[in-house]
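File shown: protein-v3.txt (compact mmCIF, C-alpha atoms).
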# COMPACT_ATOMS: atom_id res chain seq x y z
CA MET T 58 246.88 -124.54 123.07
CA ASN T 59 244.22 -123.87 120.48
CA ARG T 60 241.40 -121.72 121.73
CA ARG T 61 237.96 -123.31 121.58
CA LYS T 62 235.62 -121.49 119.20
CA VAL T 63 232.44 -120.12 120.78
CA ALA T 64 229.80 -118.75 118.39
CA VAL T 65 227.86 -115.85 119.92
CA VAL T 66 224.55 -115.49 118.07
CA VAL T 67 222.58 -112.23 117.86
CA GLY T 68 219.63 -111.14 115.75
CA THR T 69 218.01 -108.17 117.46
CA ARG T 70 219.04 -105.07 119.36
CA PRO T 71 218.41 -106.54 122.85
CA GLU T 72 220.53 -109.57 122.00
CA VAL T 73 223.45 -107.36 120.97
CA ILE T 74 223.18 -105.29 124.14
CA LYS T 75 223.15 -108.36 126.36
CA MET T 76 225.78 -110.31 124.40
CA ALA T 77 228.33 -107.49 124.02
CA PRO T 78 229.81 -108.01 127.53
CA VAL T 79 230.07 -111.74 126.79
CA VAL T 80 232.01 -111.06 123.59
CA PHE T 81 234.35 -108.72 125.49
CA ALA T 82 234.90 -111.31 128.24
CA LEU T 83 235.53 -114.08 125.70
CA ARG T 84 238.14 -111.91 123.97
CA GLU T 85 240.05 -111.78 127.26
CA SER T 86 239.97 -115.56 127.66
CA LYS T 87 243.13 -117.53 126.95
CA GLU T 88 241.08 -120.67 126.28
CA LEU T 89 238.08 -119.45 124.27
CA GLU T 90 237.69 -117.50 121.04
CA PRO T 91 234.44 -115.63 120.25
CA VAL T 92 232.89 -115.68 116.79
CA LEU T 93 230.08 -113.14 116.49
CA LEU T 94 227.26 -114.38 114.25
CA SER T 95 224.38 -112.09 113.26
CA THR T 96 221.18 -113.45 111.77
CA GLY T 97 220.03 -109.92 110.88
CA GLN T 98 216.52 -110.62 112.24
CA HIS T 99 216.03 -106.88 112.88
CA ARG T 100 218.38 -104.94 110.64
CA GLU T 101 218.43 -101.23 111.49
CA MET T 102 218.07 -101.41 115.27
CA LEU T 103 220.53 -104.29 115.45
CA ASP T 104 223.14 -102.28 113.57
CA GLN T 105 222.62 -99.31 115.94
CA ALA T 106 223.34 -101.53 118.93
CA LEU T 107 226.43 -103.05 117.32
CA ALA T 108 227.80 -99.56 116.68
CA ALA T 109 227.27 -98.56 120.32
CA PHE T 110 229.72 -101.27 121.39
CA ASP T 111 232.01 -100.91 118.35
CA LEU T 112 231.22 -104.49 117.35
CA LYS T 113 231.12 -105.97 113.86
CA PRO T 114 229.82 -109.47 113.18
CA ASP T 115 232.32 -112.00 111.92
CA PHE T 116 229.46 -113.51 109.92
CA ASP T 117 226.15 -111.88 108.95
CA LEU T 118 223.37 -114.10 107.59
CA GLY T 119 221.23 -111.12 106.53
CA LEU T 120 217.94 -112.98 106.99
CA MET T 121 215.56 -110.02 107.38
CA GLN T 122 212.97 -109.71 104.59
CA PRO T 123 210.14 -107.19 104.12
CA GLY T 124 206.92 -108.53 105.60
CA GLN T 125 208.67 -111.58 107.01
CA THR T 126 206.57 -114.10 108.92
CA LEU T 127 207.62 -115.91 112.06
CA PRO T 128 207.51 -119.36 110.38
CA GLY T 129 209.46 -118.09 107.39
CA LEU T 130 212.10 -116.35 109.49
CA THR T 131 212.50 -119.36 111.77
CA ALA T 132 212.88 -121.78 108.87
CA ARG T 133 215.45 -119.59 107.10
CA ALA T 134 217.38 -119.12 110.34
CA ILE T 135 217.57 -122.84 111.08
CA GLU T 136 218.93 -123.56 107.62
CA ALA T 137 221.38 -120.63 107.63
CA VAL T 138 222.76 -121.37 111.10
CA THR T 139 223.09 -125.03 110.16
CA LYS T 140 225.22 -124.05 107.15
CA PHE T 141 227.33 -121.79 109.39
CA ILE T 142 227.93 -124.68 111.81
CA ASP T 143 228.87 -127.04 108.99
CA GLU T 144 231.42 -124.56 107.63
CA GLN T 145 232.86 -123.03 110.81
CA LYS T 146 232.54 -125.97 113.22
CA PRO T 147 232.18 -124.04 116.49
CA ASP T 148 232.81 -125.90 119.75
CA ALA T 149 229.81 -124.24 121.40
CA ILE T 150 227.01 -121.81 120.59
CA LEU T 151 225.65 -119.10 122.88
CA VAL T 152 222.15 -117.70 122.47
CA GLN T 153 220.48 -115.01 124.55
CA GLY T 154 216.89 -114.55 125.59
CA ASP T 155 213.79 -115.49 123.68
CA THR T 156 213.73 -114.32 120.07
CA SER T 157 213.12 -116.40 116.96
CA THR T 158 216.89 -116.24 116.41
CA VAL T 159 217.42 -117.95 119.78
CA LEU T 160 215.12 -120.89 119.12
CA ALA T 161 216.31 -121.37 115.54
CA ALA T 162 220.00 -121.28 116.48
CA ALA T 163 219.44 -123.66 119.39
CA MET T 164 217.62 -126.11 117.13
CA ALA T 165 220.33 -125.94 114.48
CA ALA T 166 223.01 -126.52 117.10
CA PHE T 167 221.08 -129.41 118.63
CA PHE T 168 220.71 -131.09 115.24
CA ALA T 169 224.47 -130.68 114.70
CA ASP T 170 225.34 -131.96 118.20
CA VAL T 171 226.97 -128.66 119.18
CA PRO T 172 226.42 -127.73 122.86
CA VAL T 173 224.27 -124.66 123.52
CA GLY T 174 224.60 -122.09 126.28
CA HIS T 175 221.37 -120.18 126.96
CA ILE T 176 221.96 -116.75 128.50
CA GLU T 177 219.02 -115.24 130.41
CA ALA T 178 217.55 -118.70 130.86
CA GLY T 179 214.53 -119.59 132.97
CA LEU T 180 212.30 -116.55 132.49
CA ARG T 181 208.63 -117.53 132.55
CA THR T 182 205.23 -115.85 132.62
CA GLY T 183 203.29 -119.12 132.71
CA ASN T 184 201.27 -118.05 129.67
CA MET T 185 202.44 -119.39 126.31
CA ARG T 186 200.69 -116.54 124.48
CA SER T 187 202.12 -113.71 126.61
CA PRO T 188 204.53 -112.46 125.54
CA PHE T 189 204.13 -113.95 122.07
CA PRO T 190 206.17 -115.62 120.67
CA GLU T 191 208.86 -115.06 123.29
CA GLU T 192 207.44 -117.34 125.97
CA MET T 193 207.28 -120.23 123.51
CA ASN T 194 210.80 -119.52 122.20
CA ARG T 195 212.46 -119.59 125.61
CA ARG T 196 210.51 -122.62 126.85
CA LEU T 197 211.44 -124.69 123.80
CA THR T 198 215.07 -123.56 123.96
CA SER T 199 215.60 -124.80 127.52
CA PRO T 200 215.58 -128.57 126.85
CA LEU T 201 218.01 -128.03 123.95
CA ALA T 202 220.65 -126.26 126.05
CA LYS T 203 223.59 -127.69 127.99
CA TRP T 204 224.38 -124.59 130.05
CA HIS T 205 221.58 -122.47 131.52
CA PHE T 206 222.83 -119.03 132.63
CA CYS T 207 220.07 -117.72 134.87
CA PRO T 208 219.79 -114.07 135.89
CA THR T 209 218.23 -114.84 139.29
CA ASP T 210 217.53 -117.67 141.71
CA GLY T 211 213.88 -117.47 140.68
CA SER T 212 214.68 -118.19 137.04
CA LYS T 213 216.82 -121.14 138.11
CA ASP T 214 213.94 -122.48 140.21
CA ASN T 215 211.68 -122.28 137.14
CA LEU T 216 214.03 -124.54 135.20
CA VAL T 217 214.44 -127.05 138.01
CA ARG T 218 210.66 -127.36 138.20
CA GLU T 219 210.72 -128.21 134.48
CA ALA T 220 213.16 -131.09 135.11
CA ILE T 221 216.27 -129.21 133.94
CA ALA T 222 219.20 -130.59 135.95
CA GLU T 223 220.14 -128.19 138.74
CA CYS T 224 223.84 -128.85 138.12
CA ASP T 225 223.42 -127.36 134.62
CA CYS T 226 221.92 -124.09 135.93
CA TYR T 227 224.21 -121.19 136.85
CA VAL T 228 222.95 -118.01 138.52
CA THR T 229 225.03 -115.20 137.03
CA GLY T 230 222.93 -112.04 137.11
CA ASN T 231 221.83 -110.43 133.87
CA THR T 232 224.42 -109.27 131.35
CA VAL T 233 222.27 -106.22 130.57
CA VAL T 234 223.50 -104.71 133.84
CA ASP T 235 227.09 -105.22 132.64
CA SER T 236 226.28 -103.31 129.44
CA LEU T 237 224.35 -100.55 131.16
CA LEU T 238 227.11 -99.80 133.64
CA TRP T 239 229.72 -99.89 130.86
CA ILE T 240 227.79 -97.34 128.78
CA ARG T 241 226.96 -95.15 131.79
CA ASP T 242 230.60 -95.02 132.90
CA LYS T 243 231.65 -94.22 129.34
CA GLN T 244 229.17 -91.34 129.19
CA GLU T 245 230.15 -89.95 132.57
CA SER T 246 233.81 -89.98 131.56
CA ALA T 247 233.35 -88.46 128.11
CA GLY T 248 230.28 -86.29 128.77
CA VAL T 249 227.16 -86.15 126.64
CA ASP T 250 225.85 -83.14 124.75
CA ALA T 251 222.09 -83.10 125.28
CA ALA T 252 221.61 -80.98 122.18
CA ASP T 253 223.32 -83.67 120.10
CA VAL T 254 221.01 -86.33 121.54
CA ALA T 255 217.98 -84.20 120.66
CA LYS T 256 219.26 -83.63 117.13
CA ARG T 257 219.98 -87.32 116.50
CA LEU T 258 216.48 -88.34 117.59
CA GLY T 259 214.62 -85.49 115.92
CA ILE T 260 213.47 -84.05 119.25
CA SER T 261 212.18 -80.50 118.95
CA ASN T 262 214.16 -77.62 120.37
CA ASP T 263 211.17 -76.59 122.52
CA PHE T 264 211.04 -79.98 124.22
CA ALA T 265 214.81 -80.13 124.67
CA GLN T 266 214.91 -76.63 126.18
CA LYS T 267 212.20 -77.46 128.69
CA TYR T 268 213.11 -81.00 129.70
CA PHE T 269 216.81 -81.48 128.92
CA ASN T 270 219.73 -79.70 130.52
CA LEU T 271 221.41 -78.41 127.38
CA LYS T 272 224.55 -77.34 129.22
CA SER T 273 225.23 -80.55 131.12
CA ALA T 274 224.26 -84.20 130.89
CA ILE T 275 224.57 -84.72 134.65
CA SER T 276 222.64 -82.03 136.52
CA THR T 277 218.90 -81.79 135.94
CA ASP T 278 218.01 -79.45 138.81
CA GLU T 279 216.75 -76.66 136.57
CA VAL T 280 214.71 -78.62 134.06
CA SER T 281 211.18 -80.00 134.21
CA ASP T 282 210.39 -83.67 134.65
CA PHE T 283 209.63 -85.91 131.71
CA VAL T 284 208.40 -89.50 131.52
CA LEU T 285 210.11 -91.84 129.07
CA VAL T 286 207.80 -94.25 127.22
CA THR T 287 208.56 -97.37 125.19
CA GLY T 288 206.01 -99.77 123.74
CA HIS T 289 206.15 -102.48 121.10
CA ARG T 290 204.63 -105.77 122.36
CA ARG T 291 202.50 -107.73 119.90
CA GLU T 292 199.95 -108.65 122.55
CA SER T 293 199.09 -104.94 122.91
CA PHE T 294 198.51 -104.31 119.19
CA GLY T 295 195.13 -102.73 118.59
CA GLY T 296 193.09 -101.88 121.67
CA GLY T 297 196.01 -102.20 124.07
CA PHE T 298 198.04 -99.50 122.33
CA GLU T 299 195.03 -97.24 122.04
CA ARG T 300 194.38 -97.48 125.80
CA MET T 301 198.06 -96.82 126.56
CA CYS T 302 198.03 -93.71 124.38
CA GLU T 303 194.80 -92.46 125.92
CA ALA T 304 196.35 -92.86 129.37
CA ILE T 305 199.37 -90.82 128.27
CA ASN T 306 197.09 -88.05 127.02
CA ASP T 307 195.25 -88.01 130.35
CA LEU T 308 198.53 -88.02 132.28
CA THR T 309 199.68 -84.81 130.59
CA LYS T 310 196.31 -83.17 131.36
CA ARG T 311 196.43 -84.11 135.05
CA HIS T 312 200.09 -83.16 135.40
CA PRO T 313 200.52 -80.16 133.08
CA GLY T 314 204.16 -79.53 134.03
CA VAL T 315 205.28 -83.00 133.02
CA GLY T 316 206.39 -83.92 129.52
CA VAL T 317 206.35 -87.30 127.81
CA LEU T 318 209.05 -88.50 125.45
CA TYR T 319 208.18 -91.51 123.30
CA PRO T 320 210.75 -92.97 120.87
CA VAL T 321 208.29 -94.81 118.64
CA HIS T 322 209.03 -98.34 117.45
CA LEU T 323 209.20 -98.71 113.66
CA ASN T 324 206.44 -101.35 113.44
CA PRO T 325 203.46 -99.84 111.57
CA LYS T 326 201.09 -101.38 114.12
CA VAL T 327 202.78 -99.21 116.74
CA GLN T 328 203.30 -96.12 114.59
CA GLU T 329 199.66 -95.80 113.51
CA PRO T 330 197.87 -95.59 116.89
CA VAL T 331 200.67 -93.64 118.56
CA ASN T 332 200.76 -90.94 115.88
CA ARG T 333 196.97 -90.82 115.56
CA ILE T 334 196.26 -90.46 119.29
CA LEU T 335 199.34 -88.63 120.59
CA GLY T 336 200.53 -86.71 117.55
CA ASP T 337 198.68 -83.47 118.37
CA ASN T 338 199.48 -83.39 122.10
CA PRO T 339 201.98 -80.55 122.67
CA ALA T 340 203.25 -82.15 125.89
CA VAL T 341 204.16 -85.38 124.10
CA GLU T 342 207.26 -85.60 121.95
CA LEU T 343 207.31 -88.47 119.47
CA CYS T 344 210.77 -89.18 118.12
CA SER T 345 212.84 -91.76 116.28
CA PRO T 346 213.86 -94.99 118.03
CA ALA T 347 216.92 -94.27 120.13
CA GLY T 348 220.22 -96.06 119.74
CA TYR T 349 221.37 -97.81 122.89
CA GLU T 350 223.75 -95.10 124.08
CA ASP T 351 221.12 -92.39 123.64
CA PHE T 352 218.49 -94.55 125.30
CA VAL T 353 220.67 -95.09 128.36
CA TRP T 354 221.12 -91.32 128.56
CA LEU T 355 217.37 -90.77 128.24
CA MET T 356 216.64 -93.30 130.99
CA ASN T 357 219.12 -91.56 133.25
CA GLN T 358 217.43 -88.20 132.69
CA ALA T 359 213.78 -89.32 132.94
CA LYS T 360 211.67 -89.09 136.10
CA PHE T 361 210.42 -92.64 135.58
CA ILE T 362 209.75 -95.03 132.70
CA LEU T 363 206.48 -96.34 131.29
CA SER T 364 207.31 -99.42 129.26
CA ASP T 365 206.36 -102.90 128.07
CA SER T 366 210.03 -103.80 127.51
CA GLY T 367 211.66 -106.63 129.40
CA GLY T 368 215.11 -105.09 129.21
CA VAL T 369 213.98 -101.79 130.70
CA GLN T 370 212.69 -103.65 133.75
CA GLU T 371 216.22 -104.94 134.28
CA GLU T 372 218.15 -101.78 133.38
CA ALA T 373 216.27 -98.89 134.97
CA PRO T 374 216.76 -99.97 138.62
CA SER T 375 220.53 -99.60 138.23
CA LEU T 376 219.89 -95.95 137.35
CA GLY T 377 217.44 -95.45 140.22
CA LYS T 378 214.45 -95.13 137.88
CA PRO T 379 211.10 -96.76 138.76
CA VAL T 380 209.30 -98.59 135.95
CA LEU T 381 205.57 -98.89 135.34
CA VAL T 382 205.23 -102.06 133.27
CA MET T 383 202.46 -101.87 130.65
CA ARG T 384 201.87 -105.61 130.58
CA GLU T 385 199.46 -107.96 132.32
CA THR T 386 202.23 -110.46 133.11
CA THR T 387 205.99 -110.34 133.45
CA GLU T 388 208.68 -112.98 133.26
CA ARG T 389 210.75 -110.74 135.50
CA PRO T 390 208.87 -110.93 138.83
CA GLU T 391 211.99 -110.07 140.81
CA GLY T 392 211.62 -106.39 139.87
CA VAL T 393 208.01 -106.35 141.02
CA GLU T 394 208.90 -108.17 144.24
CA ALA T 395 211.77 -105.74 144.92
CA GLY T 396 209.47 -102.77 144.30
CA THR T 397 211.45 -101.27 141.42
CA CYS T 398 208.68 -102.18 138.95
CA ARG T 399 204.88 -102.12 139.08
CA LEU T 400 202.56 -103.96 136.71
CA VAL T 401 199.92 -101.62 135.31
CA GLY T 402 198.92 -103.37 132.09
CA THR T 403 197.15 -101.20 129.53
CA ASP T 404 194.46 -100.07 131.97
CA PRO T 405 194.39 -96.24 131.89
CA ASP T 406 193.19 -96.02 135.51
CA LYS T 407 196.10 -98.14 136.78
CA ILE T 408 198.62 -96.25 134.67
CA LEU T 409 197.36 -92.89 135.89
CA SER T 410 197.13 -93.85 139.56
CA GLU T 411 200.63 -95.34 139.68
CA ALA T 412 202.07 -92.41 137.73
CA ALA T 413 200.47 -90.02 140.21
CA VAL T 414 202.26 -91.75 143.09
CA LEU T 415 205.64 -91.26 141.44
CA LEU T 416 204.92 -87.65 140.48
CA ASP T 417 203.21 -86.48 143.68
CA ASP T 418 204.74 -88.50 146.54
CA ALA T 419 208.38 -87.46 146.88
CA ASP T 420 209.09 -89.86 149.75
CA GLU T 421 207.72 -92.88 147.87
CA TYR T 422 209.62 -91.89 144.74
CA ALA T 423 212.86 -91.61 146.73
CA ARG T 424 212.27 -94.99 148.37
CA ARG T 425 211.69 -96.80 145.09
CA SER T 426 214.59 -95.03 143.38
CA ALA T 427 216.98 -96.26 146.09
CA LEU T 428 216.04 -99.95 145.84
CA LYS T 429 218.76 -102.42 144.89
CA ASN T 430 218.65 -103.87 141.37
CA PRO T 431 217.75 -107.56 141.73
CA TYR T 432 219.28 -108.43 138.36
CA GLY T 433 222.96 -108.27 139.22
CA ASP T 434 226.05 -106.22 139.83
CA GLY T 435 227.75 -106.07 136.42
CA THR T 436 229.83 -109.27 136.62
CA ALA T 437 227.53 -111.68 134.76
CA ALA T 438 229.64 -111.99 131.60
CA ARG T 439 232.78 -112.93 133.52
CA LYS T 440 230.85 -115.62 135.40
CA ILE T 441 229.49 -117.05 132.13
CA VAL T 442 232.93 -117.23 130.55
CA ALA T 443 234.46 -118.80 133.65
CA THR T 444 231.83 -121.55 133.52
CA LEU T 445 232.52 -122.19 129.83
CA GLU T 446 236.28 -122.31 130.43
CA ALA T 447 235.80 -124.87 133.20
CA SER T 448 233.42 -127.12 131.30
CA LEU T 449 234.21 -126.89 127.58
CA GLY T 450 237.25 -129.10 128.02
CA LYS T 451 234.88 -131.83 129.16
CA VAL T 452 232.67 -131.54 126.09
CA GLU T 453 233.33 -134.05 123.33
CA SER T 454 234.28 -132.30 120.11
What is this structure when it is put down as structure tokens?
Amino acid sequence: MNRRKVAVVVGTRPEVIKMAPVVFALRESKELEPVLLSTGQHREMLDQALAAFDLKPDFDLGLMQPGQTLPGLTARAIEAVTKFIDEQKPDAILVQGDTSTVLAAAMAAFFADVPVGHIEAGLRTGNMRSPFPEEMNRRLTSPLAKWHFCPTDGSKDNLVREAIAECDCYVTGNTVVDSLLWIRDKQESAGVDAADVAKRLGISNDFAQKYFNLKSAISTDEVSDFVLVTGHRRESFGGGFERMCEAINDLTKRHPGVGVLYPVHLNPKVQEPVNRILGDNPAVELCSPAGYEDFVWLMNQAKFILSDSGGVQEEAPSLGKPVLVMRETTERPEGVEAGTCRLVGTDPDKILSEAAVLLDDADEYARRSALKNPYGDGTAARKIVATLEASLGKVES
């Protein structure tokens, strides 16, 4: 029996991280064959993530251009994915999340009458401008998809309210948990040299000596606490980032024993305020963006995480790490409802008060660290592939 060809489309680092388990599960299928297609929407960070999982695209469209605009990228992606479909004739296309790659690939597939599976479907903030353009991308992708792989019951309910057929929605958990547990187990088996992590990221020896355990990647009993920060959202450009940085400065003043580690996103609109406001703070270490394996290690070592990232909200609970979410809204309310995440926006007072709880109240920190991750148990990819195996035979080719 010929295996049905399933194109797995990625364009950014988060897509690679969340699609890698799906590629692995498809490789094990006797009925389906994965074809990994990269649009190259974000070049350097995408390549780092591919390397972490020892993946190489079967086809790379190489669409990234200096100073690219969202309309230009989207138009080029639609045309390039359309050409790929014409030449390779996949039986189905899988997209993940809410990037410009996702919407463009889904549109190209729809035009070509190729069925689309949307992984991480049904996330909503209710505000089309927040996050931008992600909320628009995922909302427009939903009516184009045949299979909707939802991380939670709540995301499925969102789709049903939008008149997506309930029988086309499958609650699988989030594949990011699959990836996180795979990397964590790999690190625990092989061991991680903290000094190597520091060297790769350009972290100073002083910071590493104080906040990393340079003899072991597992025990942190003899090192000081540090807070891990990530920030890159467009809606925070300008005043939002300045307030976040000011809050971080104040945090280090109020808690002088605590360090802050911030792998800074490459976008100049992030680099400028972060370096200007935090660059001279000796308690703050600004370093290069971390590859996925190093970032998982950093999350596992941190006291808690201050972030505007969607993926971090899903990943950190599996490591027992609370997250303070520097956004006004979140499409991942399950983490807030479970208590693993707290929305603090870019308000310095909220950031500082919630950070103080995690740093000063040991009982509350222990309670929130022990909460169950609402985003799954690490079996999402296998559930997705099982659904495709059961239904692809019914799809007209």
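CA of Gln98 (chain T) is positioned 12.7 Å from CA of Pro128 (chain T).
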message: Restricting the calculation to only C-alpha atoms: of T:Asn332, T:Asn231, T:Thr397, T:Asn357, which residue gets closest to Thr436 (chain T)?
response: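 Looking at the shortest contact to Thr436 (chain T), the residue is T:Asn231.
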message: If we count all atoms listed in the file and set the cut-off at 12 Å, which residues sit around Lys267 (chain T), ignoring sequence neighbours fewer than 5 positions away in its own chain? Please answer as an NGL selection string.
response: :T and (251-252 or 255 or 260-262 or 277-283 or 314-318 or 340 or 342)
- prompt: Interatomic distance between CA of Pro78 (chain T) and CA of His99 (chain T)?
  reply: 20.1 Å
Each side padded by 8 Å, which centre and which edge lengths in Å (one decimal) define the axis-aligned box around the listed atoms of region 351-354 of chain T? Give them as lines of an AutoDock Vina configuration file.
center_x = 219.8
center_y = -93.2
center_z = 126.1
size_x = 18.6
size_y = 19.8
size_z = 20.9
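Here CA of Ala247 (chain T) is placed at a distance of 13.6 Å from CA of Asp351 (chain T).
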message: Show me, as an MDAnalysis selection string, the residues that have an atom within 10 Å of Leu180 (chain T) when counting all atoms listed in the file, minus same-chain residues fewer than 5 positions from it.
response: chainID T and resid 154:155 191:192 195:196 207:209 211:216 387:390
Among listed residues T:Lys378, T:Arg384, T:Glu245, T:Leu93, nearest Arg424 (chain T) (using all atoms listed in the file):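 Among T:Lys378, T:Arg384, T:Glu245, T:Leu93, it is T:Lys378 that comes nearest to Arg424 (chain T).
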message: Applying 8 Å and all atoms listed in the file, which residues near region 183-189 of chain T remain after dropping the ones on its own chain fewer than 6 positions away? List them as a ChimeraX atom specification.
response: /T:290-292,386
Would you export the selected residues with C-alpha atoms as a short mmCIF file (atom, residue, chain, number, x, y, z; two decimals), in the frame of the given file, please?
data_model
loop_
_atom_site.label_atom_id
_atom_site.label_comp_id
_atom_site.auth_asym_id
_atom_site.auth_seq_id
_atom_site.Cartn_x
_atom_site.Cartn_y
_atom_site.Cartn_z
CA ARG T 290 204.63 -105.77 122.36
CA ARG T 291 202.50 -107.73 119.90
CA GLU T 292 199.95 -108.65 122.55
CA THR T 386 202.23 -110.46 133.11
#
query: Which residue, T:Ala347, T:Leu258, T:Ala419, T:Leu118, has the smallest gap to Glu101 (chain T) when you use only C-alpha atoms?
result: T:Ala347
message: Taking 5 positions as the minimum chain separation for residues in the same chain, which residues sit within 12 Å of Arg133 (chain T) when counting only C-alpha atoms? Answer as a VMD selection string.
response: chain T and resid 96 to 98 118 to 122 125 to 128 138 to 140 157 to 158 161 to 162 165
Polymer residues at most 10 Å from Val393 (chain T), all atoms listed in the file, same-chain spacing of 5 or more positions, as an NGL selection string: :T and (370 or 380-382 or 387 or 398-400 or 431)
query: Can you tell me, as a list in words, which residues sit within 9 Å of (215.7, -126.5, 128.3) in the file's frame, using all atoms listed in the file?
result: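 Here the neighbourhood of the point contains His175, Ala178, Gly179, Arg195, Arg196, Leu197, Thr198, Ser199, Pro200, Leu201, Ala202, Lys203, His205, Leu216, Glu219, Ala220 and Ile221 of chain T.
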field: Selected residue of minimal separation from Pro325 (chain T) among T:Phe269, T:Tyr432, T:Phe294, T:Trp204, counting only C-alpha atoms
entry: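 Answer, going by the shortest atom-to-atom distance: T:Phe294.
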Among listed residues T:Asp170, T:Asp104, T:Asp406, T:Glu371, nearest Asp235 (chain T) (using only C-alpha atoms):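 For Asp235 (chain T), the nearest of the given residues is T:Glu371.
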task: Tell me which of T:Leu376, T:Leu445, T:Ala134, T:Thr69 sits closest to Pro91 (chain T), counting all atoms listed in the file.
output: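 Smallest distance to Pro91 (chain T) is found for T:Leu445.
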